[in-house]
Structures are given as C-alpha cells and as structure tokens.
Amino acid sequence: MTLAAERWPAYVEPGARDSRAVVRPDSIAGALVVWRIELTKLSGMIQIRAMVLLSIIGPFLVLGFLNLQSATPGDTPFGQWVHAIGLAIPMTILGFGAQWILPAITGVVAGDIYSSEDHYGTWKTILTRSRTRGELFAGKFLAAVTWAVGIVLLLTVTDLIAGLVAGREPVVGLGGQLVPAGHATWLVAASYLSQLAPMLGFTALAALLSVATRNSIAGIGGTVVIAVLFQIVTLANMPAWAQQVLLSTPFMAWHGFWGAPPYYGPFLWGLVTCAAWFAVCTLAAWLIFRRRTIGAA
Amino acid sequence: MTTGTGTRPAAVMRRLRLPVLAAIAAVAALSATGCSSSSNLTPDRLQASIGSTFANLYVLQQSYMGNPPVRAAALGSRASCQKGGTLDVTQEGSGQWLCEITYLPSGPQYPVIAKYNVDVQTDGCYAADGDGPASVNGSPTVTGPGYRQLNNPLALIDGCFDTT
C-alpha cells in the first residue's frame with residue numbers, strides 16, 4: 001500500500017502534462033516536410049504555372065515584338081540600343097520592370113502562403129498534425145523563399161538566352177564604354193542575380209503582411225502597393241542615406257556594374273538594407289505567428 | 001467560425017492601421033529631411049561622369065562614321081553643368097540640368113561645345129538629350145560606310161554615377 005501511495009503522484013504528473021500539450025521541439029526535418037508539401041501545393045497552382053510559363057516565353061515575346069516595330073523604349077537605360085545590340089534587350093527589360101514586377105511575383109506566393117490557411121480555416125487542422133508551429137512557419141517561409149530564388153534564376157537564364165539569340169554585339173555601357181560581348185554576358189547575369197537581395201526582402205515583407213493581416217488580398221496587394229509606393233518615393237529628392245534604406249533602391253544597384261569604371265557602393269549598401277528588412281520582417285512575422293491564438297472559441 | 005473573423009474587411013483595416021500610419025510617418029520624415037539635407041547628386045559628380053561618358057561615346061561615334069580612330073583621353077572633354085534656368089535654384093539633386101561639354105576634336109586651338117538637356121534621376125542615372133550642334137548630337141542616326149544608318153551614340157546619352 002505504501003508503495004502504491006508513493007508512486008501515485010509520479011504516474012499522474014506526466015499524464016496531466018501530456019493532456020495539456022505535446023511538448024516537442026522544432027526540428028529541421030519537420031520544417032523540410034512542410035517545405036516539401038508547400039512546394040507540391042505551389043506546383044499545382046494555376047497562377048504559379050502561368051508565371052513560370054510567362055517567365056520562359058516572355059523574353060522571346062519581347063524579342064518578337066521588338067522585331068515587328070522600330071520604336072525604341074528610350075526612357076530606360078539601354079533602351080535606345082534594343083535594335084542594334086542583343087544584350088541590351090535583357091537590360092531594358094530589367095530596367096523597365098524589376099522594381100514592380102519582381103515584388104508582385106514574390107508577393108503572389110509569400111503574401112498568400114500563411115493567410116490562405118486563414119481563408120480556408122485550416123490552421124486548426126494542420127496544427128493538430130505532428131508538426132509544430134515553428135516547423136510550419138519555417139517550412140512555409142522556406143517555400144516562399146524557394147519560389148523567389150527560383151523565379152529570379154529562371155528569369156536570369158531565359159532573358160540572357162533571349163539577349164544572346166538577338167545578337168552578340170559589344171554593349172555600350174553606362175559610362176559610354178564598349179563592353180565586349182563575353183564580359184557583357186557576365187554583367188547581364190550579375191545584374192539579374194543582384195535582384196535576389198531585394199527579392200528576398202520583399203518575400204519577408206509579403207510573409208509578414210500575410211501573417212499579420214490573415215488576408216491574402218492584403219498580403220499580395222499590400223506588397224505590390226508598398227513596392228509602387230517606394231518607387232514613387234524614390235522619385236523625390238532625398239538624402240543619400242534615405243534613398244539607400246528603401247527596399248526598392250537595391251533593384252537598381254546593377255547600374256554600377258555597367259559604369260566606367262564600375263562602382264559597387266549601391267550594391268553593397270543594398271545588401272545591408274535588404275538583410276535588415278529581411279531580418280526585421282521575418283522576426284516580426286514569427287513573433288506574431290507564435291503568439292497568435294488559433295481555434296479559440 | 002473563429003478564423004473567419006480575422007479576414008473581415010473591417011478587421012483587416014483595423015490590423016493594417018498601425019503599419020500604414022507608421023509607413024506614412026516614415027515617408028513624411030524622409031521627405032522632411034530631404035528638403036533640408038544635402039544630396040550626393042552634385043555638379044562635380046555629374047560633370048565628371050558626363051564628361052568622360054561623352055568622350056567614350058564620341059570615340060564610338062567616330063568609329064561608326066568610319067573616321068580615323070580617336071582616343072577618348074586625347075579629347076580633353078570637360079563638362080559644366082547647371083541646374084534649372086534661374087540662379088537661385090539649389091545646384092544639386094535630381095531634375096533638369098543643362099550641361100555644356102567642351103572638347104578638342106582637332107587640337108587645343110579649336111574647342112567645340114556640345115550642349116545637353118540632362119534629366120538626372122535620384123539614383124544617379126541620367127538621360128542627356130543632345131541640344132546642338134546638330135552635326136554632333138542633333139540627329140538620332142549617323143551615316144556609316146556604305147550609307148549605313150547607325151544609332152548616333154551622342155544623340156541620347158544614358159549614364160550613371162555613384163551616389164553613395
């Protein structure tokens with residue numbers, strides 16, 4: 001009897017704790033499971049497939065369109081050379097569209113990836129599965145980052161190929177210098193890859209909006225509106241530091257690669273700016289997500 | 001449905017109010033400092049950039065036209081830029097500038113002045129529209145060997161300089 005009386009509390013206590021919550025640490029393997037499932041979901045979405053298709057054929061559509069008419073997009077750097085220099089075409093596309101097309105592309109995924117669960121009311125369901133909140137957050141975030149990086153890499157390849165197909169002439173750089181086609185190919189690739197930093201910044205911003213608003217319209221639309229707002233703000237005369245802390249400025253940092261001599265100040269500043277935006281937005285999104293009450297009556 | 005309450009427009013607006021107000025305040029603060037603080041879009045940087053860019057493009061133009069090769073350094077090009085039309089305009093920042101580029105295509109005794117209307121953007125990139133002499137930067141095309149029409153590199157100059 002005494003033995004049982006002594007052992008009784010030892011049996012009860014872990015049982016009581018277990019009934020409140022399963023305390024299980026977040027694991028990388030768990031996050032990767034979520035990541036894989038999210039990628040599978042993304043690859044089935046019609047808008048994702050459409051954007052991938054457009055990224056592949058888009059540069060060649062531009063190429064065909066330029067061949068049909070003789071006007072030049074003169075208000076963008078490299079625009080006046082699109083009919084004479086093949087590699088001017090990917091640079092004109094980048095100068096024209098990067099600041100607002102790229103945030104929209106990443107916003108469509110990152111601005112929706114958390115709030116879609118709110119929309120369908122499925123948080124309660126997936127949180128009862130064997131994955132923790134941390135794993136769900138990390139896996140979904142990783143999926144959004146994968147999309148952002150993947151689409152930039154895809155655009156780099158397709159735009160570069162379109163430019164090389166159009167012609168391998170030496171390129172007139174932004175210092176008036178003639179850049180040989182071989183070196184210009186590298187500069188085009190570097191210019192496109194430099195978009196990765198602000199792209200990741202906007203991904204984190206869109207994820208924050210998606211978590212905070214629990215609404216995909218606000219998550220996607222808010223990202224695009226903020227990108228356009230930044231673009232308008234950069235038109236105003238501001239001190240150099242104010243220009244550099246905006247998340248949209250690094251989209252234009254590639255201009256320096258084409259200078260004579262090339263300069264990398266805006267690019268390096270951009271890396272710092274983007275890292276700060278990325279860190280703050282990701283942290284804020286996680287803090288909101290972790291403390292959120294889900295499924296309370 | 002509990003999760004549904006968070007997606008009602010009114011709830012979304014309420015949640016968005018703070019970030020939107022913060023963003024507006026930040027933009028207002030930036031614009032306020034922008035009016036008083038100095039920018040890095042200075043005449044010195046613009047003149048250095050457009051002067052050397054012009055020289056490089058002049059070399060390209062001459063090669064397009066089939067003329068004997070020139071060296072950019074031998075041109076001794078030198079730019080002088082002013083912002084706006086009146087004297088009281090602050091001589092810095094983005095907007096419309098007027099640049100006169102003096103260069104020496106045929107020796108130090110015979111300087112030539114090329115004029116440009118320059119639209120300077122906040123990121124240090126500019127588009128310079130040729131404003132005479134017509135034979136240098138007036139025509140969008142130049143005639144190469146065999147009467148080939150080529151893009152005149154001096155008609156519209158795209159350039160950038162470092163603002164950091």
# chains A, B, ... in the order shown; residues from 1 in each chain; ligands from 1
call {"tool": "residues_around", "arguments": {"residues": "stretch 92-107 of chain B", "least_positions_apart": "5", "cutoff": "10 Å", "atoms": "only C-alpha atoms", "output": "ChimeraX atom specification"}}
result
/A:235-239 /B:38-44,46-47,50-52,54-55,58,70-72,74-85,112-132
call {"tool": "interface_residues", "arguments": {"of": "chain A", "to": "chain B", "cutoff": "6 Å", "atoms": "only C-alpha atoms", "output": "MDAnalysis selection string"}}
result
chainID A and resid 77 118 121 174:177 213 215 238:240 265
call {"tool": "residues_around", "arguments": {"residues": "A:Ala197", "least_positions_apart": "3", "cutoff": "7 Å", "atoms": "only C-alpha atoms", "output": "NGL selection string"}}
result
:A and (194 or 200-201 or 271 or 274)
call {"tool": "decode", "arguments": {"residues": "stretch 42-64 of chain B", "atoms": "N, CA and C atoms", "output": "PDB file, in the first residue's frame"}}
result
ATOM      1  N   THR B  42      25.591  65.951 -56.961  1.00  0.00           N
ATOM      2  CA  THR B  42      26.268  67.254 -57.028  1.00  0.00           C
ATOM      3  C   THR B  42      26.749  67.528 -58.447  1.00  0.00           C
ATOM      4  N   PRO B  43      26.989  68.824 -58.766  1.00  0.00           N
ATOM      5  CA  PRO B  43      27.524  69.169 -60.090  1.00  0.00           C
ATOM      6  C   PRO B  43      28.857  68.464 -60.369  1.00  0.00           C
ATOM      7  N   ASP B  44      29.707  68.358 -59.336  1.00  0.00           N
ATOM      8  CA  ASP B  44      31.021  67.736 -59.537  1.00  0.00           C
ATOM      9  C   ASP B  44      30.898  66.320 -60.075  1.00  0.00           C
ATOM     10  N   ARG B  45      30.043  65.531 -59.402  1.00  0.00           N
ATOM     11  CA  ARG B  45      29.901  64.131 -59.817  1.00  0.00           C
ATOM     12  C   ARG B  45      29.273  64.025 -61.197  1.00  0.00           C
ATOM     13  N   LEU B  46      28.264  64.853 -61.455  1.00  0.00           N
ATOM     14  CA  LEU B  46      27.602  64.815 -62.758  1.00  0.00           C
ATOM     15  C   LEU B  46      28.570  65.212 -63.862  1.00  0.00           C
ATOM     16  N   GLN B  47      29.332  66.294 -63.610  1.00  0.00           N
ATOM     17  CA  GLN B  47      30.258  66.778 -64.640  1.00  0.00           C
ATOM     18  C   GLN B  47      31.341  65.754 -64.959  1.00  0.00           C
ATOM     19  N   ALA B  48      31.892  65.134 -63.902  1.00  0.00           N
ATOM     20  CA  ALA B  48      32.930  64.123 -64.124  1.00  0.00           C
ATOM     21  C   ALA B  48      32.367  62.966 -64.942  1.00  0.00           C
ATOM     22  N   SER B  49      31.143  62.543 -64.607  1.00  0.00           N
ATOM     23  CA  SER B  49      30.557  61.386 -65.276  1.00  0.00           C
ATOM     24  C   SER B  49      30.203  61.688 -66.726  1.00  0.00           C
ATOM     25  N   ILE B  50      29.481  62.778 -66.961  1.00  0.00           N
ATOM     26  CA  ILE B  50      29.010  63.040 -68.312  1.00  0.00           C
ATOM     27  C   ILE B  50      30.173  63.433 -69.219  1.00  0.00           C
ATOM     28  N   GLY B  51      31.202  64.055 -68.641  1.00  0.00           N
ATOM     29  CA  GLY B  51      32.381  64.430 -69.436  1.00  0.00           C
ATOM     30  C   GLY B  51      33.082  63.212 -70.009  1.00  0.00           C
ATOM     31  N   SER B  52      33.329  62.215 -69.158  1.00  0.00           N
ATOM     32  CA  SER B  52      34.053  61.028 -69.644  1.00  0.00           C
ATOM     33  C   SER B  52      33.151  60.125 -70.476  1.00  0.00           C
ATOM     34  N   THR B  53      31.856  60.077 -70.127  1.00  0.00           N
ATOM     35  CA  THR B  53      30.930  59.272 -70.931  1.00  0.00           C
ATOM     36  C   THR B  53      30.812  59.839 -72.337  1.00  0.00           C
ATOM     37  N   PHE B  54      30.752  61.168 -72.429  1.00  0.00           N
ATOM     38  CA  PHE B  54      30.688  61.816 -73.739  1.00  0.00           C
ATOM     39  C   PHE B  54      31.924  61.459 -74.565  1.00  0.00           C
ATOM     40  N   ALA B  55      33.093  61.516 -73.927  1.00  0.00           N
ATOM     41  CA  ALA B  55      34.335  61.235 -74.654  1.00  0.00           C
ATOM     42  C   ALA B  55      34.324  59.810 -75.205  1.00  0.00           C
ATOM     43  N   ASN B  56      33.905  58.842 -74.360  1.00  0.00           N
ATOM     44  CA  ASN B  56      33.847  57.451 -74.810  1.00  0.00           C
ATOM     45  C   ASN B  56      32.878  57.288 -75.981  1.00  0.00           C
ATOM     46  N   LEU B  57      31.733  57.961 -75.895  1.00  0.00           N
ATOM     47  CA  LEU B  57      30.725  57.824 -76.949  1.00  0.00           C
ATOM     48  C   LEU B  57      31.149  58.563 -78.225  1.00  0.00           C
ATOM     49  N   TYR B  58      31.949  59.637 -78.069  1.00  0.00           N
ATOM     50  CA  TYR B  58      32.464  60.343 -79.246  1.00  0.00           C
ATOM     51  C   TYR B  58      33.381  59.411 -80.046  1.00  0.00           C
ATOM     52  N   VAL B  59      34.217  58.671 -79.307  1.00  0.00           N
ATOM     53  CA  VAL B  59      35.096  57.689 -79.948  1.00  0.00           C
ATOM     54  C   VAL B  59      34.264  56.675 -80.723  1.00  0.00           C
ATOM     55  N   LEU B  60      33.172  56.209 -80.101  1.00  0.00           N
ATOM     56  CA  LEU B  60      32.294  55.227 -80.746  1.00  0.00           C
ATOM     57  C   LEU B  60      31.635  55.828 -81.984  1.00  0.00           C
ATOM     58  N   GLN B  61      31.178  57.089 -81.858  1.00  0.00           N
ATOM     59  CA  GLN B  61      30.519  57.755 -82.986  1.00  0.00           C
ATOM     60  C   GLN B  61      31.469  57.858 -84.179  1.00  0.00           C
ATOM     61  N   GLN B  62      32.722  58.243 -83.906  1.00  0.00           N
ATOM     62  CA  GLN B  62      33.689  58.395 -84.988  1.00  0.00           C
ATOM     63  C   GLN B  62      33.968  57.049 -85.663  1.00  0.00           C
ATOM     64  N   SER B  63      34.010  55.986 -84.866  1.00  0.00           N
ATOM     65  CA  SER B  63      34.256  54.669 -85.470  1.00  0.00           C
ATOM     66  C   SER B  63      33.042  54.220 -86.285  1.00  0.00           C
ATOM     67  N   TYR B  64      31.835  54.548 -85.835  1.00  0.00           N
ATOM     68  CA  TYR B  64      30.620  54.251 -86.608  1.00  0.00           C
ATOM     69  C   TYR B  64      30.673  54.955 -87.963  1.00  0.00           C
TER      70      TYR B  64
END
